[in-house]
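Shown next, in structure tokens, is the structure this report addresses.
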Amino acid sequence: NSCESPDWFKLGPEGIKNFKFVKEPENAMVTVGRSVTLSCVVSALKPVQYYWYKMDKLPSGDMTSDDNLYLAGSSTLTFSGIKVTDDAFYQCKARTQDGYSLLSRVSFTPTLR
């Protein structure tokens, strides 16, 4: 988990202290054809927008470019009918309207069994 550069003054000390993960996605091995839901939930004093990013290999830097955007607007990412091609790294970004972000990275591996 890592934080991007927050705007400390707009959020205020209470906003920063209370902006944290309540539930982070977890790495998993999932059988092909099954369903899986990744969840990413934060507590915050201000409204939060969620973004999910996908990369085929573990990046050395930030995954959160528009090219990697997979889903926006939901704290959950659900796959119904996992395919081998879903094998990837996924990152959840929770962002306040003030620009403060929390990031959580996860991977899951589809298996044939």
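If you're wondering about the labels, chains in the structure tokens are A, B, ... by order shown, residues count from 1 in each chain, ligands from 1 in order shown.
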Exercise: A:Thr96 partners within 8 Å, only C-alpha atoms, chain neighbours under 6 positions left out, as an MDAnalysis selection string = chainID A and resid 46:49
Contacts of stretch 74-78 of chain A at 6 Å (only C-alpha atoms; same-chain gap of 6+ positions) as a list in words =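 Listing them by chain and then by number gives Val36, Thr37, Leu38, Ser39, Cys40, Val41 and Tyr50 of chain A.
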Enter the distance from atom CA of A:Leu102 to atom CA of A:Ala28, in Å, rounded to one decimal.
-> 21.1 Å
Report the distance between atom CA of A:Ala88 and atom CA of A:Glu26 in Å, rounded to one decimal place.
->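 Between atom CA of A:Ala88 and atom CA of A:Glu26 the gap works out to 13.1 Å.
Each of A:Ser80, A:Thr85, A:Ser104, A:Gln97 was checked against A:Val42 using only C-alpha atoms; the smallest atom-to-atom distance is that of A:Ser104.
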Nearby residues (only C-alpha atoms) at most 10 Å from A:Leu112, same-chain spacing under 3 positions excluded, as a VMD selection string | chain A and resid 30 to 33 83 to 84 109
Keeping C-alpha atoms, export the residues of the selection given above as a compact mmCIF listing (two decimals), in the first residue's frame.
# COMPACT_ATOMS: atom_id res chain seq x y z
CA VAL A 30 -9.27 -19.02 -8.39
CA THR A 31 -10.49 -21.96 -10.47
CA VAL A 32 -11.20 -21.12 -14.12
CA GLY A 33 -14.95 -20.77 -14.66
CA LYS A 83 -10.66 -16.99 -17.70
CA VAL A 84 -6.95 -17.73 -17.90
CA THR A 109 -4.16 -16.51 -10.53
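Distance annotation: of A:Gln91, A:Asn27, A:Asn18, A:Ser35, the residue with the minimal separation from A:Phe79 is A:Ser35; atom set is only C-alpha atoms.
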Quick one: everything within 8 Å of A:Lys54, counting only C-alpha atoms, minus sequence neighbours fewer than 4 positions away in the same chain. Send it as a PyMOL selection string.
-> chain A and resi 63+68-70+88-91
Could you dump the residues just selected with N, CA and C atoms as a CSV table (one decimal), in the first residue's frame?
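File out12.csv, as written:
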chain,number,residue,atom,x,y,z
A,63,MET,N,0.8,2.1,-11.4
A,63,MET,CA,-0.1,1.5,-12.4
A,63,MET,C,-1.3,2.4,-12.8
A,68,ASN,N,-4.3,1.8,-18.2
A,68,ASN,CA,-4.5,0.6,-17.4
A,68,ASN,C,-5.8,0.6,-16.7
A,69,LEU,N,-6.7,1.7,-16.9
A,69,LEU,CA,-7.9,1.7,-16.2
A,69,LEU,C,-8.8,0.6,-16.6
A,70,TYR,N,-9.3,-0.1,-15.7
A,70,TYR,CA,-10.2,-1.3,-15.9
A,70,TYR,C,-11.6,-1.1,-15.6
A,88,ALA,N,-3.6,-11.5,-13.7
A,88,ALA,CA,-3.0,-10.1,-13.8
A,88,ALA,C,-2.8,-9.5,-12.4
A,89,PHE,N,-2.3,-8.4,-12.4
A,89,PHE,CA,-2.2,-7.6,-11.2
A,89,PHE,C,-3.3,-6.5,-11.3
A,90,TYR,N,-4.0,-6.3,-10.2
A,90,TYR,CA,-5.1,-5.3,-10.1
A,90,TYR,C,-4.8,-4.4,-9.0
A,91,GLN,N,-5.1,-3.1,-9.2
A,91,GLN,CA,-4.8,-2.1,-8.2
A,91,GLN,C,-6.1,-1.3,-8.0
Point out the residue among A:Phe19, A:Pro25, A:Asp86, A:Asp56 with the least atom-to-atom distance to A:Arg105, counting only C-alpha atoms.
->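 That would be A:Pro25, the residue with the smallest distance to A:Arg105.
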